[in-house]
Structure formats: structure tokens, C-alpha cells
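Visitor: Take a look at the following structure, please.
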Amino acid sequence: MIVRNPVKDQVAIVGVGTTPFARSLSERTGPSLALEAARNAILDAGLAAADIDGICSSAMAYYGSAGANPAYLQEALGIPETTWEATIPIPFTFPLMNAVNAVYSGACTTALVVHSLYRIGASRSAGNDPFRARAVPPAGFRAAGPSTDGYASFASRYMHDYGATKEDFGLVAINDRSHASRNPHAVMRDPMTMDDYLNARLVRWPLGLFDMDVPIDGADAVVVTTAERARDLVEKPVLVHAITGGRTEHPNVTSTSSLEWNAQHVVAKALWAKSDLTLADADLFYAYDGFTVITLNWLENIGWCGRGEAPAFLRQHWDADADVVRIDGRIPMNTHGGNLSEGATQASGHTREAVQQLRGECGDRQVPGDPKVAVMALGGMYINASAMVLRTE
Amino acid sequence: MAMTDDELLSRYPWGAIDHDNKAQWKGFLEYQLLVNRCQACGHWFNPPRPMCPRCWSLDVRPEPVSGRGRVQWFTLLYQGGPPGAPSPYPVVTVELAEEEGLRIDATVVDCDPHDIRCDMPLELTWVDDQGAPLPAFRPAT
């Protein structure tokens, strides 16, 4: 891997926007949620339609979720001229990264990045050739064998290799729920005890209901521009210091080599090679929590502790009064409640929350001490791992 | 073998079969688990593709495996299992004995799902799916 980072600190997040989150917003549409978040993000940046010249949407149709594509957003927002667009798969790091790169390269100067969630069924089409028809299989076509997809199988190996117990996974769920209980935006806010966690319905052993993110209807958006322009626009530009994806040659759960080497390791290697800042500089930590096992692995692979040590690490740094982890007594994880309790946002929520915490805007949820650096380990373990470091000046 | 593509497709009307993997599906009908093997460097890989991912040779051929393997990781589906299947429904990633990293997903039969463990030795067996054979695994005897 040849690592370079010329974009370091050259692009900043200047606006964030969101919508109400709920298990079901049935009077809304996916595109209208995207529109609302986009409008809010542009206004938050102190900008208007004519200031936006690039649009990036997340690609969510595969996941059965309707959003808005760049064309819809441009028309609905009345944006007169754009020179760049993209539709990029999640987690949110990837649409964001593409917008950052577009701004840095000059493909555009001020980009809107939007991710919206609205659950619908998937639709497919088929051709006439019987093989081609199966290449885009309608519902009912399947592989020869069932798939171990869904992260539960990694959790079975994590328990086997390291002697981990369900309680160890429960710490991740409880941490998120404790933060969510103080976040009016979160959909799951009732405090969670370990008994609550252990009694949750099993879905895919060893994972149960509280190991899995909460599907929501809602949207998030950010606006990015050059760091130079950002300093004129807003009081606290949030600079993208380092941002990366990572994959191995085994980007599926069946062939992932092991818990010892997978996409997370590639991400960590690239992130720390690109970043001037290290974990020692972190004030805030965000770890992807689509499934609790992902979070335990990120704690280890991003460098807080060694392989298999995340449960002991969480316990060692646990704040029993607040029922959250506070690394070194100071650094919280997933201050918004994460995918598990604020709502499943594929990291747009983590991004929005990190920006607002770094800008000091979170009111009575604000992490004290003027946090300046957020380390964010986002995405999963085999196909969509990513990470970034955001900072203020 | 003499089977036509249309005959194969009619035996597995629900199968995600394409030109690259049809030899493996045809093998199922003969109760054979065929896995692509590079004839240049000997590398085994699954699922079937026309090129060796290790040395990029295009000389790859499906060969039968021994059927021996072990559990790499697994889950028990309390929801989302096939209709009519027992619950929980076990789904296992099997590491086949032929080569480290050679994997296939399947269910496990002849075993209480709660007895499945990572690294448990397995052997190939066959289950019937709507009148056609599919590979499965059972605890090695």
C-alpha cells in the first residue's frame, strides 16, 4: 500500500442537517426526508441553493430503502448549476469521501451529501435470456447454500477464539442506550440493563434483537467545501484530516480470512498512515455498531486494545454511574446512541453527532473539555469498512 | 456430462445459476461437490470463477473435493430460515480440507444445532431441495 494524503485538512464540513427519526414515518417519503435534511444542512452552513455545485446521494436501493438521487435533490432544492454528482454506497464515509475528493480536485467547490432511509420492498427486473434473467434475480432465486451473512457468524468465532460471552456484547448495547437516553433525537431511549439485553429475543445466534441496529425512517445531510472557504463561512469548520476505506481480497463473509485479518485491519493501517493525529489525540470516539460484534472488533483493530481484549477494555474504562464507557475517564463512544439506539444510519448519524460535538453545539449532552478530535471507525468487517479523523482548529 | 443447460435450469428453477457456476450445479445432480482448481498453480477457490485469483491463469477446472472440512463460523437462524425448516436453522461456513481459506456455506444436518462448535470436523452429505440434491454437512464420523 502506497499511502498519501494530500487532501489532509483541505476540506471541511460546514453544515449538518437531519430530520425527525422514527421507526416509521408513514406520512413521509424517502425523497422528502432527504430533501428536508439537505435543506437543513445548507441553511446550517449559512448557504443557499446557488452556493451548492455538487451533490452526492447514498445508494440505498439494494437495502430496500428509498432515498433521493442527485437529480431529485437539485430540482427540489432549486439548485441552479452543478458540475459534479455521484451516488455512492454506504456507509456514509464513502459518499462523504467522494464529496471531499470532488471539492479538493475542483470538480465542484461546495458539495451536498445526503443519506436518507425509508423502508420499502426491493424491486427487480429480468431480461429474456434465462441466464441473464437469473443474473438479476427476482425474489425467489437463491444460491445453492444458505449464507452466513449478517455478522452473527463472526460473533460465533469471536466467542470461540477469545472466550467472549453474551455479556461482553451487551456492554456495547448498553453504552449506546445510555447515550440515547439523553438524546431527544433517538428512537430507543429506555435505559437498558444487562438483564434486558440478555433477555432480548434471539434472531441469529449468538446475536439477538439488541445486538442489531434499529431500522428507522429519517435522513442526514452534510455540506462540505474547501477549508479556506469554510473559515469565511462558519465559526468552527470541521476539517477532514484523514479518511479511508479498506478491503481485502475476500470481501464477503464466507471467505473473510479470519478475525485476525480483514477489512478493518486494512482500514486501520491506511488511516494511521494518513493521519498525523493518533489515538492519543482523540477526544471523541465513534465506532460502527450495526451489530455489537463489529464494535468490539473496531475497538481492537483501530488500536485501543489487543485482539480479543475489547470486553476487558470496556469494563476497565466503564463509568458505572452513567453506564457508558469513558476511555481514560474522558473519551466517550457513540455519544448519540449509535445505530443501535439513535437509529440505523449507516454512520451518517455518527458523522452528524461528531460534527455537532466538535462544534460545541450539543447542549446538555455536550462532551465537556472542548473536544477537538474525533476518531471514527465506521462500517463493518469485510465489505464496507472505513474510518476517518475529523478535527477542529 | 450430457445434460443441457435447459435441463439443469429445470432441475433447479430457483437456482442462481450462470455460465460461470453451472458446472458446480451440474455436479450436485451427480452428488459431487465440484470446486474450481487452478491447473497452473493448484489453488482451489470458491465460488466458481474462470480465472485463478492467485496466479491469474485461465486454466481452471472443477474438481471434486473430499467432502471433509471444519466449521469456520456459524449462526443459528431463529428467523429467516427456509419455510418449513426446523428452528433454529443452522448455517455454517465450512473450511474445506483441501486448502486453508477454501470455504463454502451450507446447513448442518444429523446434529442438534446447539451442539455446533467452531472448528468442529464435518463431512459432506446431501439434502433434497424440491427434488434436487444440494450439498450439506454433518458431524464427521
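Scheme for the C-alpha cells: letters A, B, ... for chains in order shown; per-chain residue numbers from 1; ligand numbers from 1 in order shown.
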Tell me as a PyMOL selection string which residues belonging to chain A come within 7 Å of chain B, counting only C-alpha atoms.

Guide: chain A and resi 131+134+140-148+152-154+156-157+160+202-206+254-255+257

Visitor: Write out as an mmCIF file with all heavy atoms, in the first residue's frame the set of residues from chain B that DSSP, computed on the backbone, places in alpha helix (DSSP H).

Guide:
```cif
data_model
loop_
_atom_site.group_PDB
_atom_site.id
_atom_site.type_symbol
_atom_site.label_atom_id
_atom_site.label_comp_id
_atom_site.auth_asym_id
_atom_site.auth_seq_id
_atom_site.Cartn_x
_atom_site.Cartn_y
_atom_site.Cartn_z
ATOM 1 N N ASP B 5 -28.056 -27.174 -20.719
ATOM 2 C CA ASP B 5 -28.293 -26.057 -19.803
ATOM 3 C C ASP B 5 -29.769 -25.989 -19.418
ATOM 4 O O ASP B 5 -30.116 -25.766 -18.247
ATOM 5 C CB ASP B 5 -27.864 -24.740 -20.447
ATOM 6 C CG ASP B 5 -26.353 -24.643 -20.582
ATOM 7 O OD1 ASP B 5 -25.634 -25.436 -19.944
ATOM 8 O OD2 ASP B 5 -25.885 -23.766 -21.341
ATOM 9 N N ASP B 6 -30.653 -26.183 -20.373
ATOM 10 C CA ASP B 6 -32.086 -26.098 -20.076
ATOM 11 C C ASP B 6 -32.499 -27.181 -19.077
ATOM 12 O O ASP B 6 -33.332 -26.941 -18.195
ATOM 13 C CB ASP B 6 -32.921 -26.221 -21.360
ATOM 14 C CG ASP B 6 -32.924 -24.922 -22.153
ATOM 15 O OD1 ASP B 6 -32.623 -23.874 -21.554
ATOM 16 O OD2 ASP B 6 -33.238 -24.951 -23.364
ATOM 17 N N GLU B 7 -31.925 -28.375 -19.220
ATOM 18 C CA GLU B 7 -32.258 -29.458 -18.281
ATOM 19 C C GLU B 7 -31.793 -29.081 -16.874
ATOM 20 O O GLU B 7 -32.493 -29.305 -15.886
ATOM 21 C CB GLU B 7 -31.591 -30.773 -18.728
ATOM 22 C CG GLU B 7 -32.312 -31.449 -19.898
ATOM 23 C CD GLU B 7 -31.510 -32.625 -20.469
ATOM 24 O OE1 GLU B 7 -30.270 -32.683 -20.280
ATOM 25 O OE2 GLU B 7 -32.131 -33.487 -21.108
ATOM 26 N N LEU B 8 -30.597 -28.495 -16.780
ATOM 27 C CA LEU B 8 -30.077 -28.076 -15.473
ATOM 28 C C LEU B 8 -30.996 -27.032 -14.839
ATOM 29 O O LEU B 8 -31.371 -27.142 -13.676
ATOM 30 C CB LEU B 8 -28.667 -27.506 -15.632
ATOM 31 C CG LEU B 8 -28.059 -26.886 -14.370
ATOM 32 C CD1 LEU B 8 -27.841 -27.947 -13.292
ATOM 33 C CD2 LEU B 8 -26.740 -26.183 -14.693
ATOM 34 N N LEU B 9 -31.352 -26.035 -15.662
ATOM 35 C CA LEU B 9 -32.201 -24.959 -15.129
ATOM 36 C C LEU B 9 -33.555 -25.494 -14.678
ATOM 37 O O LEU B 9 -34.137 -24.996 -13.708
ATOM 38 C CB LEU B 9 -32.383 -23.863 -16.175
ATOM 39 C CG LEU B 9 -31.109 -23.109 -16.575
ATOM 40 C CD1 LEU B 9 -31.417 -22.105 -17.684
ATOM 41 C CD2 LEU B 9 -30.499 -22.398 -15.389
ATOM 42 N N SER B 10 -34.052 -26.505 -15.341
ATOM 43 C CA SER B 10 -35.364 -27.039 -14.950
ATOM 44 C C SER B 10 -35.269 -27.844 -13.657
ATOM 45 O O SER B 10 -36.237 -27.924 -12.909
ATOM 46 C CB SER B 10 -35.959 -27.894 -16.074
ATOM 47 O OG SER B 10 -35.252 -29.120 -16.183
ATOM 48 N N ARG B 11 -34.090 -28.414 -13.360
ATOM 49 C CA ARG B 11 -33.934 -29.152 -12.100
ATOM 50 C C ARG B 11 -33.825 -28.202 -10.911
ATOM 51 O O ARG B 11 -34.208 -28.547 -9.803
ATOM 52 C CB ARG B 11 -32.696 -30.054 -12.149
ATOM 53 C CG ARG B 11 -32.785 -31.224 -13.131
ATOM 54 C CD ARG B 11 -33.915 -32.203 -12.800
ATOM 55 N NE ARG B 11 -33.877 -32.714 -11.441
ATOM 56 C CZ ARG B 11 -33.126 -33.740 -11.021
ATOM 57 N NH1 ARG B 11 -32.298 -34.347 -11.856
ATOM 58 N NH2 ARG B 11 -33.179 -34.139 -9.763
ATOM 59 N N LYS B 22 -22.274 -23.095 -13.607
ATOM 60 C CA LYS B 22 -23.205 -24.191 -13.933
ATOM 61 C C LYS B 22 -22.559 -25.564 -13.782
ATOM 62 O O LYS B 22 -23.254 -26.537 -13.478
ATOM 63 C CB LYS B 22 -23.793 -24.013 -15.332
ATOM 64 C CG LYS B 22 -22.798 -24.114 -16.472
ATOM 65 C CD LYS B 22 -23.464 -23.756 -17.786
ATOM 66 C CE LYS B 22 -22.476 -23.829 -18.940
ATOM 67 N NZ LYS B 22 -23.068 -23.347 -20.206
ATOM 68 N N ALA B 23 -21.252 -25.671 -13.942
ATOM 69 C CA ALA B 23 -20.603 -26.973 -13.757
ATOM 70 C C ALA B 23 -20.748 -27.453 -12.313
ATOM 71 O O ALA B 23 -20.931 -28.652 -12.061
ATOM 72 C CB ALA B 23 -19.136 -26.901 -14.149
ATOM 73 N N GLN B 24 -20.682 -26.524 -11.370
ATOM 74 C CA GLN B 24 -20.833 -26.915 -9.966
ATOM 75 C C GLN B 24 -22.253 -27.393 -9.686
ATOM 76 O O GLN B 24 -22.465 -28.398 -9.017
ATOM 77 C CB GLN B 24 -20.479 -25.744 -9.046
ATOM 78 C CG GLN B 24 -20.418 -26.132 -7.557
ATOM 79 C CD GLN B 24 -19.964 -24.982 -6.663
ATOM 80 O OE1 GLN B 24 -20.707 -24.032 -6.447
ATOM 81 N NE2 GLN B 24 -18.760 -25.088 -6.136
ATOM 82 N N TRP B 25 -23.250 -26.676 -10.271
ATOM 83 C CA TRP B 25 -24.643 -27.084 -10.096
ATOM 84 C C TRP B 25 -24.888 -28.444 -10.750
ATOM 85 O O TRP B 25 -25.594 -29.294 -10.206
ATOM 86 C CB TRP B 25 -25.586 -26.039 -10.680
ATOM 87 C CG TRP B 25 -25.729 -24.809 -9.844
ATOM 88 C CD1 TRP B 25 -24.955 -23.693 -9.884
ATOM 89 C CD2 TRP B 25 -26.709 -24.572 -8.835
ATOM 90 N NE1 TRP B 25 -25.389 -22.768 -8.965
ATOM 91 C CE2 TRP B 25 -26.463 -23.275 -8.313
ATOM 92 C CE3 TRP B 25 -27.776 -25.314 -8.337
ATOM 93 C CZ2 TRP B 25 -27.244 -22.713 -7.303
ATOM 94 C CZ3 TRP B 25 -28.562 -24.745 -7.337
ATOM 95 C CH2 TRP B 25 -28.294 -23.462 -6.830
ATOM 96 N N LYS B 26 -24.294 -28.662 -11.927
ATOM 97 C CA LYS B 26 -24.446 -29.973 -12.572
ATOM 98 C C LYS B 26 -23.857 -31.069 -11.689
ATOM 99 O O LYS B 26 -24.384 -32.182 -11.613
ATOM 100 C CB LYS B 26 -23.762 -29.980 -13.948
ATOM 101 C CG LYS B 26 -24.537 -29.236 -15.027
ATOM 102 C CD LYS B 26 -23.849 -29.299 -16.386
ATOM 103 C CE LYS B 26 -24.630 -28.471 -17.404
ATOM 104 N NZ LYS B 26 -23.914 -28.372 -18.701
ATOM 105 N N GLY B 27 -22.759 -30.746 -11.013
ATOM 106 C CA GLY B 27 -22.132 -31.702 -10.112
ATOM 107 C C GLY B 27 -23.057 -32.122 -8.986
ATOM 108 O O GLY B 27 -23.044 -33.279 -8.554
ATOM 109 N N PHE B 28 -23.866 -31.174 -8.503
ATOM 110 C CA PHE B 28 -24.793 -31.526 -7.415
ATOM 111 C C PHE B 28 -25.701 -32.678 -7.841
ATOM 112 O O PHE B 28 -25.991 -33.578 -7.059
ATOM 113 C CB PHE B 28 -25.674 -30.335 -7.027
ATOM 114 C CG PHE B 28 -24.942 -29.153 -6.472
ATOM 115 C CD1 PHE B 28 -25.537 -27.895 -6.496
ATOM 116 C CD2 PHE B 28 -23.669 -29.273 -5.925
ATOM 117 C CE1 PHE B 28 -24.886 -26.781 -5.979
ATOM 118 C CE2 PHE B 28 -23.004 -28.161 -5.417
ATOM 119 C CZ PHE B 28 -23.614 -26.912 -5.445
ATOM 120 N N LEU B 29 -26.167 -32.651 -9.098
ATOM 121 C CA LEU B 29 -27.078 -33.693 -9.573
ATOM 122 C C LEU B 29 -26.414 -35.059 -9.578
ATOM 123 O O LEU B 29 -27.090 -36.080 -9.544
ATOM 124 C CB LEU B 29 -27.609 -33.325 -10.964
ATOM 125 C CG LEU B 29 -28.555 -32.130 -10.986
ATOM 126 C CD1 LEU B 29 -28.828 -31.672 -12.420
ATOM 127 C CD2 LEU B 29 -29.866 -32.466 -10.286
#
```

Visitor: Would you mind listing what lies within 9 Å of Asn5 (chain A) as a PyMOL selection string, with only C-alpha atoms counted and same-chain residues fewer than 5 positions away left out?

Guide: chain A and resi 241-243+273-275

Visitor: Using only C-alpha atoms, which of B:Ser87, B:Glu98, B:Pro139, B:Met3 sits nearest Asn36 (chain B)?

Guide: B:Glu98

Visitor: Expressed in Å to a single decimal, how great is the separation between CA of Asp51 (chain A) and CA of Thr110 (chain A)?

Guide: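 Atom-to-atom, CA of Asp51 (chain A) to CA of Thr110 (chain A), that is 6.8 Å.
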
Visitor: Which residues, written as a ChimeraX atom specification, have at least one atom at most 9 Å from Val267 (chain A), with only C-alpha atoms counted and residues fewer than 3 positions away on the same chain left out?

Guide: /A:244-247,263-264,270-272,301-302,377,385-387

Visitor: Please produce an output containing N, CA, C and O atoms for each residue in the selection, written as a PDB file, in the first residue's frame.

Guide:
```pdb
ATOM      1  N   THR A 244     -10.619   7.074   4.942  1.00  0.00           N
ATOM      2  CA  THR A 244     -10.233   5.940   4.105  1.00  0.00           C
ATOM      3  C   THR A 244     -11.256   4.835   4.143  1.00  0.00           C
ATOM      4  O   THR A 244     -11.990   4.683   5.115  1.00  0.00           O
ATOM      5  N   GLY A 245     -11.320   4.062   3.090  1.00  0.00           N
ATOM      6  CA  GLY A 245     -11.990   2.774   3.097  1.00  0.00           C
ATOM      7  C   GLY A 245     -10.938   1.699   3.290  1.00  0.00           C
ATOM      8  O   GLY A 245      -9.775   1.990   3.580  1.00  0.00           O
ATOM      9  N   GLY A 246     -11.343   0.452   3.149  1.00  0.00           N
ATOM     10  CA  GLY A 246     -10.387  -0.638   3.247  1.00  0.00           C
ATOM     11  C   GLY A 246     -11.084  -1.951   2.942  1.00  0.00           C
ATOM     12  O   GLY A 246     -12.208  -2.169   3.375  1.00  0.00           O
ATOM     13  N   ARG A 247     -10.431  -2.789   2.186  1.00  0.00           N
ATOM     14  CA  ARG A 247     -10.963  -4.118   1.879  1.00  0.00           C
ATOM     15  C   ARG A 247      -9.820  -5.061   1.640  1.00  0.00           C
ATOM     16  O   ARG A 247      -8.757  -4.638   1.221  1.00  0.00           O
ATOM     17  N   ALA A 263     -11.090  -6.503   6.544  1.00  0.00           N
ATOM     18  CA  ALA A 263     -11.131  -5.126   6.046  1.00  0.00           C
ATOM     19  C   ALA A 263     -10.795  -4.106   7.128  1.00  0.00           C
ATOM     20  O   ALA A 263     -10.218  -3.047   6.835  1.00  0.00           O
ATOM     21  N   GLN A 264     -11.160  -4.393   8.360  1.00  0.00           N
ATOM     22  CA  GLN A 264     -10.873  -3.416   9.425  1.00  0.00           C
ATOM     23  C   GLN A 264      -9.365  -3.190   9.573  1.00  0.00           C
ATOM     24  O   GLN A 264      -8.933  -2.079   9.872  1.00  0.00           O
ATOM     25  N   ALA A 270      -4.270   2.017   6.852  1.00  0.00           N
ATOM     26  CA  ALA A 270      -4.299   3.194   5.985  1.00  0.00           C
ATOM     27  C   ALA A 270      -4.572   4.468   6.787  1.00  0.00           C
ATOM     28  O   ALA A 270      -3.952   5.511   6.557  1.00  0.00           O
ATOM     29  N   LEU A 271      -5.512   4.387   7.735  1.00  0.00           N
ATOM     30  CA  LEU A 271      -5.875   5.583   8.483  1.00  0.00           C
ATOM     31  C   LEU A 271      -4.685   6.144   9.248  1.00  0.00           C
ATOM     32  O   LEU A 271      -4.382   7.338   9.182  1.00  0.00           O
ATOM     33  N   TRP A 272      -3.998   5.268   9.966  1.00  0.00           N
ATOM     34  CA  TRP A 272      -2.899   5.768  10.801  1.00  0.00           C
ATOM     35  C   TRP A 272      -1.683   6.141   9.967  1.00  0.00           C
ATOM     36  O   TRP A 272      -0.847   6.932  10.416  1.00  0.00           O
ATOM     37  N   ASN A 301      -9.171  -3.315  16.565  1.00  0.00           N
ATOM     38  CA  ASN A 301      -8.427  -3.134  15.328  1.00  0.00           C
ATOM     39  C   ASN A 301      -8.034  -1.686  15.063  1.00  0.00           C
ATOM     40  O   ASN A 301      -7.053  -1.435  14.357  1.00  0.00           O
ATOM     41  N   ILE A 302      -8.768  -0.716  15.629  1.00  0.00           N
ATOM     42  CA  ILE A 302      -8.368   0.673  15.444  1.00  0.00           C
ATOM     43  C   ILE A 302      -7.236   1.023  16.414  1.00  0.00           C
ATOM     44  O   ILE A 302      -6.564   2.038  16.238  1.00  0.00           O
ATOM     45  N   ALA A 377     -14.358   4.953  13.571  1.00  0.00           N
ATOM     46  CA  ALA A 377     -14.143   3.658  12.925  1.00  0.00           C
ATOM     47  C   ALA A 377     -15.496   3.162  12.453  1.00  0.00           C
ATOM     48  O   ALA A 377     -16.328   2.785  13.266  1.00  0.00           O
ATOM     49  N   ALA A 385     -15.786  -1.467   5.311  1.00  0.00           N
ATOM     50  CA  ALA A 385     -15.077  -0.865   6.431  1.00  0.00           C
ATOM     51  C   ALA A 385     -14.493   0.479   6.011  1.00  0.00           C
ATOM     52  O   ALA A 385     -14.088   0.664   4.858  1.00  0.00           O
ATOM     53  N   SER A 386     -14.450   1.402   6.961  1.00  0.00           N
ATOM     54  CA  SER A 386     -13.930   2.736   6.663  1.00  0.00           C
ATOM     55  C   SER A 386     -13.563   3.401   7.971  1.00  0.00           C
ATOM     56  O   SER A 386     -13.876   2.882   9.044  1.00  0.00           O
ATOM     57  N   ALA A 387     -12.902   4.540   7.879  1.00  0.00           N
ATOM     58  CA  ALA A 387     -12.584   5.291   9.090  1.00  0.00           C
ATOM     59  C   ALA A 387     -12.237   6.713   8.715  1.00  0.00           C
ATOM     60  O   ALA A 387     -11.887   7.000   7.559  1.00  0.00           O
TER      61      ALA A 387
END
```

Visitor: Could you check which of A:Ile294, A:Cys305, A:Ala102, A:Ala180 is closest to Val7 (chain A), using only C-alpha atoms?

Guide: A:Ala102

Visitor: As a ChimeraX atom specification, please: the residues near Met212 (chain A) (cut-off 12 Å, only C-alpha atoms, same-chain neighbours under 6 positions excluded).

Guide: /A:150-152,169-170,172-173,176,197,200-206,288-295,338-341,343-344

Visitor: Given only C-alpha atoms as the basis, pick out the residue of A:His250, A:Arg177, A:His185, A:Arg231 nearest to Gly337 (chain A).

Guide: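 Among the listed residues, A:Arg177 lies closest to Gly337 (chain A).
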
Visitor: To one decimal place, how far is CA of Thr392 (chain A) from CA of Leu284 (chain A) in Å?

Guide: 12.1 Å

Visitor: Quick one: residues within 12 Å of Leu198 (chain A), only C-alpha atoms counted, chain neighbours fewer than 6 positions away excluded, as a ChimeraX atom specification?

Guide: /A:165-171,173-174,192,206-211

Visitor: What does the distance from CA of Gly306 (chain A) to CA of Leu259 (chain A) come to in Å, to one decimal?

Guide: 12.1 Å

Visitor: Select from region 52-140 of chain B everything DSSP, run on the backbone, classes as strand (DSSP E or B), then give the selection as a short mmCIF file (atom, residue, chain, number, x, y, z; two decimals) with N, CA, C and O atoms, in the first residue's frame.

Guide:
```cif
data_model
loop_
_atom_site.label_atom_id
_atom_site.label_comp_id
_atom_site.auth_asym_id
_atom_site.auth_seq_id
_atom_site.Cartn_x
_atom_site.Cartn_y
_atom_site.Cartn_z
N VAL B 60 -8.54 -23.20 -15.45
CA VAL B 60 -9.15 -23.68 -14.21
C VAL B 60 -10.17 -24.74 -14.55
O VAL B 60 -10.82 -24.69 -15.61
N ARG B 61 -10.30 -25.70 -13.66
CA ARG B 61 -11.22 -26.80 -13.92
C ARG B 61 -11.91 -27.20 -12.64
O ARG B 61 -11.28 -27.19 -11.56
N PRO B 62 -13.20 -27.58 -12.71
CA PRO B 62 -13.87 -28.04 -11.49
C PRO B 62 -13.41 -29.46 -11.15
O PRO B 62 -13.37 -30.33 -12.01
N GLU B 63 -13.02 -29.66 -9.89
CA GLU B 63 -12.58 -30.97 -9.42
C GLU B 63 -13.36 -31.33 -8.16
O GLU B 63 -13.73 -30.45 -7.38
N PRO B 64 -13.60 -32.61 -7.94
CA PRO B 64 -14.34 -32.99 -6.73
C PRO B 64 -13.46 -32.84 -5.48
O PRO B 64 -12.26 -33.13 -5.52
N ARG B 68 -14.41 -33.40 3.29
CA ARG B 68 -14.03 -33.15 4.68
C ARG B 68 -13.78 -31.67 4.90
O ARG B 68 -13.27 -30.97 4.02
N GLY B 69 -14.14 -31.24 6.12
CA GLY B 69 -13.92 -29.83 6.44
C GLY B 69 -14.15 -29.61 7.93
O GLY B 69 -14.30 -30.55 8.70
N ARG B 70 -14.17 -28.32 8.32
CA ARG B 70 -14.47 -27.98 9.70
C ARG B 70 -15.25 -26.68 9.72
O ARG B 70 -15.27 -25.92 8.75
N VAL B 71 -15.88 -26.44 10.84
CA VAL B 71 -16.68 -25.22 10.99
C VAL B 71 -15.75 -24.03 11.16
O VAL B 71 -14.97 -23.97 12.11
N GLN B 72 -15.84 -23.07 10.25
CA GLN B 72 -15.08 -21.84 10.39
C GLN B 72 -15.85 -20.87 11.29
O GLN B 72 -15.30 -20.31 12.22
N TRP B 73 -17.10 -20.67 10.99
CA TRP B 73 -18.01 -19.92 11.86
C TRP B 73 -19.43 -20.30 11.47
O TRP B 73 -19.66 -20.95 10.46
N PHE B 74 -20.39 -19.93 12.31
CA PHE B 74 -21.76 -20.37 12.06
C PHE B 74 -22.75 -19.48 12.77
O PHE B 74 -22.40 -18.69 13.65
N THR B 75 -23.99 -19.60 12.38
CA THR B 75 -25.07 -18.96 13.10
C THR B 75 -26.28 -19.89 13.13
O THR B 75 -26.35 -20.83 12.34
N LEU B 76 -27.17 -19.63 14.04
CA LEU B 76 -28.44 -20.36 14.13
C LEU B 76 -29.54 -19.36 13.85
O LEU B 76 -29.70 -18.39 14.59
N LEU B 77 -30.29 -19.59 12.79
CA LEU B 77 -31.33 -18.65 12.40
C LEU B 77 -32.60 -18.93 13.18
O LEU B 77 -33.24 -19.97 12.99
N TYR B 89 -32.43 -22.74 12.52
CA TYR B 89 -31.87 -23.36 11.32
C TYR B 89 -30.38 -23.05 11.28
O TYR B 89 -29.99 -21.89 11.27
N PRO B 90 -29.52 -24.08 11.32
CA PRO B 90 -28.09 -23.79 11.36
C PRO B 90 -27.52 -23.48 9.99
O PRO B 90 -27.87 -24.12 9.00
N VAL B 91 -26.66 -22.46 9.95
CA VAL B 91 -25.96 -22.10 8.72
C VAL B 91 -24.48 -22.00 9.07
O VAL B 91 -24.12 -21.31 10.03
N VAL B 92 -23.67 -22.70 8.34
CA VAL B 92 -22.26 -22.84 8.67
C VAL B 92 -21.39 -22.43 7.49
O VAL B 92 -21.72 -22.75 6.35
N THR B 93 -20.30 -21.72 7.77
CA THR B 93 -19.24 -21.58 6.77
C THR B 93 -18.25 -22.70 7.03
O THR B 93 -17.68 -22.79 8.13
N VAL B 94 -18.09 -23.57 6.05
CA VAL B 94 -17.20 -24.71 6.15
C VAL B 94 -15.86 -24.37 5.52
O VAL B 94 -15.82 -23.85 4.40
N GLU B 95 -14.78 -24.64 6.24
CA GLU B 95 -13.45 -24.56 5.62
C GLU B 95 -13.12 -25.96 5.14
O GLU B 95 -12.99 -26.89 5.93
N LEU B 96 -13.03 -26.12 3.84
CA LEU B 96 -12.78 -27.44 3.25
C LEU B 96 -11.33 -27.84 3.44
O LEU B 96 -10.42 -27.00 3.43
N ARG B 103 -13.69 -22.09 1.22
CA ARG B 103 -14.90 -22.02 2.02
C ARG B 103 -16.15 -22.31 1.19
O ARG B 103 -16.21 -22.01 0.00
N ILE B 104 -17.16 -22.82 1.89
CA ILE B 104 -18.49 -22.94 1.32
C ILE B 104 -19.49 -22.84 2.45
O ILE B 104 -19.23 -23.32 3.56
N ASP B 105 -20.63 -22.21 2.19
CA ASP B 105 -21.69 -22.12 3.18
C ASP B 105 -22.69 -23.24 2.96
O ASP B 105 -23.03 -23.58 1.83
N ALA B 106 -23.20 -23.80 4.06
CA ALA B 106 -24.19 -24.86 3.95
C ALA B 106 -24.90 -25.01 5.28
O ALA B 106 -24.50 -24.40 6.28
N VAL B 108 -26.13 -27.70 8.39
CA VAL B 108 -25.60 -28.90 9.04
C VAL B 108 -26.79 -29.77 9.43
O VAL B 108 -27.77 -29.27 9.99
N PRO B 121 -15.17 -30.88 13.27
CA PRO B 121 -14.95 -31.55 11.98
C PRO B 121 -16.27 -31.95 11.32
O PRO B 121 -17.21 -32.38 12.00
N LEU B 122 -16.34 -31.78 10.02
CA LEU B 122 -17.55 -32.07 9.26
C LEU B 122 -17.24 -32.95 8.07
O LEU B 122 -16.08 -33.04 7.63
N GLU B 123 -18.29 -33.59 7.55
CA GLU B 123 -18.15 -34.30 6.29
C GLU B 123 -19.37 -34.00 5.42
O GLU B 123 -20.47 -33.71 5.92
N LEU B 124 -19.15 -34.11 4.11
CA LEU B 124 -20.19 -33.77 3.13
C LEU B 124 -21.31 -34.78 3.16
O LEU B 124 -21.09 -35.98 3.32
N THR B 125 -22.53 -34.29 3.03
CA THR B 125 -23.68 -35.15 2.80
C THR B 125 -24.60 -34.41 1.85
O THR B 125 -24.22 -33.37 1.31
N TRP B 126 -25.77 -34.94 1.62
CA TRP B 126 -26.67 -34.33 0.63
C TRP B 126 -28.07 -34.22 1.20
O TRP B 126 -28.52 -35.09 1.94
N VAL B 127 -28.73 -33.12 0.86
CA VAL B 127 -30.13 -32.95 1.24
C VAL B 127 -30.94 -32.73 -0.03
O VAL B 127 -30.41 -32.36 -1.08
N ASP B 128 -32.21 -32.98 0.07
CA ASP B 128 -33.11 -32.82 -1.07
C ASP B 128 -33.79 -31.46 -0.97
O ASP B 128 -34.30 -31.09 0.09
N ASP B 129 -33.77 -30.73 -2.06
CA ASP B 129 -34.48 -29.45 -2.12
C ASP B 129 -35.40 -29.47 -3.33
O ASP B 129 -34.93 -29.34 -4.46
N ALA B 132 -34.25 -32.01 -5.94
CA ALA B 132 -32.88 -31.95 -6.47
C ALA B 132 -31.91 -31.93 -5.30
O ALA B 132 -32.19 -31.35 -4.26
N PRO B 133 -30.73 -32.55 -5.47
CA PRO B 133 -29.77 -32.61 -4.35
C PRO B 133 -29.03 -31.29 -4.16
O PRO B 133 -28.71 -30.59 -5.12
N LEU B 134 -28.77 -30.99 -2.87
CA LEU B 134 -27.90 -29.87 -2.52
C LEU B 134 -26.89 -30.35 -1.49
O LEU B 134 -27.21 -31.20 -0.66
N PRO B 135 -25.68 -29.80 -1.55
CA PRO B 135 -24.68 -30.21 -0.55
C PRO B 135 -25.04 -29.68 0.84
O PRO B 135 -25.56 -28.57 0.98
N ALA B 136 -24.79 -30.50 1.84
CA ALA B 136 -24.90 -30.11 3.23
C ALA B 136 -23.76 -30.80 3.97
O ALA B 136 -22.98 -31.55 3.36
N PHE B 137 -23.65 -30.56 5.27
CA PHE B 137 -22.59 -31.20 6.04
C PHE B 137 -23.18 -31.81 7.30
O PHE B 137 -24.24 -31.40 7.76
N ARG B 138 -22.48 -32.80 7.82
CA ARG B 138 -22.87 -33.42 9.09
C ARG B 138 -21.59 -33.61 9.90
O ARG B 138 -20.48 -33.60 9.34
N PRO B 139 -21.74 -33.80 11.21
CA PRO B 139 -20.53 -34.03 12.01
C PRO B 139 -19.74 -35.21 11.44
O PRO B 139 -20.33 -36.24 11.07
#
```
